[in-house]
Amino acid sequence: MGFENNENTTVEDRQRERFVSKSTQVAAKYLRRMMELKGAPSNLKYFTDILENTYVRLMDVNKEPDVKTIGTYCVMVPPELVYAAGAIPVKLCCGSYTAYSIGDELAPRDACPLVKAVIGAQAIKCIPVYENCDLMVVPTTCDCKKKLAYLLEEYKPTMPLHVPSSKKDDDDLEYFVEDLYSLRVTLENLTGNKITYRKLMKSIEMIADVQYEISRFVEFKKSNPSLIKGTHAMAIMNSVSYDRIDRWGHALRILNDELEMNLRNGNFVGKNKQPRVMVTGSPVVFPNIKIPLLIEEMGGLVVADETCMGERGMYDPVAVVDKSFDGLMRSLAKRYILPCSCPTFVNNEQRIYKIKQMIEDNQVEGVIYHVLRGCLVYDYEYAMLEEEMAKIGIPIIRLESDYNEEDIEQLRIRIEAFIEMIKFGKLKEENHGGDMYA
Amino acid sequence: MKKKTYLSITIGIMILLLILVFVDDRLAFYKFDTSVANAGFSVNKSAKSDIDGQILWFTYNNGEIELNMNMLLDEQEVGVYALTSGGYDTIPVNEMNTNEKQLGSFVAYAPKQSIDINGDNANDTVYVYAKTDTIATQGFAGGNMKFSSSDIPFEVVFSGNDTLSLFYNSVPLADTMVTVNSCKEQDKSVKTDSNGVVKGLSLKEMRSGLNFTYKGSDGTYYVMSYQVEANTLFDYRYAQVMRPILLIVILSLCGIIVIMIIRDKKGIVTGFKRFRFKDTVASLWDIIVGEFSKLRDFKLDFMSIRWIVMILSFIFFVYGSTIFGGWVTRHIEIPTFACANTWDSAMESSCYSLTHLDYLFGEHTTKDIIIFFISFFTFIVLFGRVLCGFVCPFGLIQDFVYEIRQIFRLRGISFNEKIFNILKLIKWQLLIFFFGAWAIGLNFCNFCPAIITTPAFAGLKMSLYVSGFLAVAVIILGFFKRRIWCNVCPLGYLIGLFNKISLFKLKKNCQSCTECGACYEACPMGIKSIYTERNKEDITTSDCIMCGECVKKCPENDAIAIAFGKKKIYTASRFKFFNRKSKKGV
């Protein structure tokens, strides 16, 4: 028996070695391709370093050793509570192709690649960000995430956070407030720190400071011609998952200041005629950034990012109304449920309005709708969005992709065609005096 | 165990106090019947009046009644008639003292005088009287403090804020010229109307005493100096008048503590996790830091202007006519719950006329009624429910109570749409009661919790009746839920029903709204449609009090705005939300 065990370990070890070498290679490749894109701001390095540390050097989050790490998924787990408990949250929604191939065997065939990648990353037990987590908090959003909570229990203490499926009724929200109180107890028991009004208020203010910087960043992204490439912006927003938020916010401030200087000096990264594209739909998680990369390599510009790993996750601030502990918890509950345009909610028309507003603000000329294979909820909303986009005359294309590089050529052709179409439409517009479809 | 003791002690005190204030008139709560015996009486034998020809008159000295007489008068012959429930007592002045039986109305009489009063160098026969009413006993009822005696042929009877009725031999002195001397104007000739009523006297004149001279048909002169008990501010008497407010504060405090303890013991709501957590009260350090940072961040924006306007309007409605020297608007009445019974208000509230429709249509001329309605609708069109958010003194008190809870970081009671729907029902019922109370023989003012605001602060003694208890309930609930009364206020709702014609509007940009619900959470009126509305630009509802909280808490640029006509005066902005100085990040 002992011999068998030994052999098993070596098999697992070999698998791990293969995993490490392959996954780091992929991550390094995408980082390199990203940096090869022209016009990276000089202060981008801080953010790409975070991604590099996490995915290439396989390092843990930069933190004091006794600080507990809380793994969170989706965008409904309030980091404010985690910071108030003296712990640090990491967003573990995964984009690794290698982890996906491992998870492929552990989850059903039709499960979405993101969840498969998470399970794979957890099962391989050699990514420190996953490995050193003390608690997993999984919001029960889509079916895959629900079952993810079950599968993760095998590896880590896991707490499902019951997200209401509808937000029309005030009562739905009441239950979420209750759930946040449960989360509070869990976090307090785990860290041994009491979450008090003062601590919670402090962490809300800390995150509000960062959100102010994000708002500035969002304002810069509206600039036409562009100040920053969308792929870089996505990398920045991805990197917040693996860093202390105040430190990250400080780095973002420096980057914002650089962008402000660039704006004053007229150092733009995009030209006036480059097609301005919005990416929406299923999350784009590093290193699965092939779609924004392809768009920008094909000469387009990703000027707006309406995915939950983009600015959307951090964009909405907590509006503290009632200055009591309960008031803070209610504000948190409202902030993490009501403005969230996640398609897992029964009625989600607000996403259409949000996209329309972004199209107006960022002068978007085309929308790329990203659907991960198996991500049904986003796929459901495509028809509705297509209809709305037809009304305002914005071209939209649905791109289905998986966590592998097999479909990359197919994607390239479709993206190229889409971008050419926008360019052609623009040309026509110029020639025909405004009417795009004349 | 310890908490249980606290709970029973607090509930005990509260119940005891509630019974006491109802039963014991000395507590001046349910009925402000401080006995006249407490007032005291003194005589000033060689006083000098500011008013020409006044030789016998009353004044007040810290609530004590003072009879002043000119040196010409012989003290031995001067006496006082004191009104009692069965008639009146006649008391010589040196034996005079106030006692329990008296109702608080006194007439001093002097022997028949023979002096030249009309300046024709011939002595006339003059009967001199002085009258006073202490408001201690009569609440604000007035009107019934009439002697109707042959001993006092010429009598002046107080019958309202600026109204006096004149009687000659117990018959109203209709359409007659009388001479009035006051501190303001000497020898003013005034004509009484068909009911013997003199109107249009300024508050300052009323307060400082009036000297009426009437020449009878036989050539005899009757002089009566009239003095109503004046409201004095910030003295011992004022402290006495403020007793009901003190009781309300004590009762509310007990109620708040009871609710907090019961809630901590999850007695009323179980099954909710949040009630298993104790209320954490802020430490002193938190409070100091919090208040200091509030001062540091002070900016003259919509919100601070709202607070300043609220405080100024409170002063305007409580001390206004004292500050502006007795100036009070007539028939131009503002629809806000600034109690119409306050003498010192610079502008009357239309709530009194609206709740007493019989009084409005029965005792006003058509012209007055037209002026009333024109002013009513002018205020509605110009301001609408801005009056609730900015002007209403009762709103200020509720906001103040809410702010106290904020300072101590205590958990509130959050209402959801179910409760707001119930409140809507209550609001309609109250609106019917508001207009119809007089028809079933009730007086809305006796139930109106807003009555606690202005009269007491203005130094007016007033019985609270049911209002006192309702006010306690409103303050306790208002502590936990902001502006609870405004949610059911009939007058505010009445104004709100006209929101379509009001110039102040709440506007929304339906596209840029992210439905984050911060506005709904901030809204003291619980208007859910602010964040759910996706079709119309004008989202003003009959509930909106234009307090601007939703705009303040809105993190999206231009998503909500308060507009006057077409001009947006307060617009939401992301950078304002983050409390940053720069307007744009770019």
# chains A, B, ... in the order shown; residues from 1 in each chain; ligands from 1

$ select_by_dssp --residues "region 197-375 of chain B" --states "alpha helix (DSSP H)" --output "ChimeraX atom specification"
/B:203-208,236-241,243-264,284-296,302-323,351-355,357-362,366-375

$ residues_around --residues "region 266-278 of chain A" --least-positions-apart "5" --cutoff "9 Å" --atoms "only C-alpha atoms" --output "JSON, numbers by chain"
{"A": [38, 39, 40, 224, 225, 226, 227, 228, 229, 259, 261, 295, 299, 300, 301, 302, 303, 304, 305, 306, 355, 358, 359, 362, 363, 364, 365, 366, 367, 368, 369, 419, 420, 422, 423, 426]}

$ residues_around --residues "Lys184 (chain B)" --least-positions-apart "6" --cutoff "10 Å" --atoms "only C-alpha atoms" --output "ChimeraX atom specification"
/B:51,202,204-205,208,210

$ closest_residue --among "A:Asn262, A:Ser165, A:Asn189, A:Ser96" --to "chain B" --atoms "only C-alpha atoms"
A:Asn262

$ interface_residues --of "chain B" --to "chain A" --cutoff "9 Å" --atoms "only C-alpha atoms" --output "PyMOL selection string"
chain B and resi 272-274+279-282+286+405-412+414+416-418+510-519+521-522+532+549+553-555+574-575+577-578+580+584-586

$ closest_residue --among "A:Lys91, A:Arg373, A:Lys125, A:Lys116" --to "Pro139 (chain A)" --atoms "only C-alpha atoms"
A:Lys91

$ residues_around --residues "Ile127 (chain A)" --least-positions-apart "6" --cutoff "9 Å" --atoms "only C-alpha atoms" --output "count of residues only"
7

$ atom_distance --atom1 "CA of Thr336 (chain B)" --atom2 "CA of Ala239 (chain B)"
26.5 Å
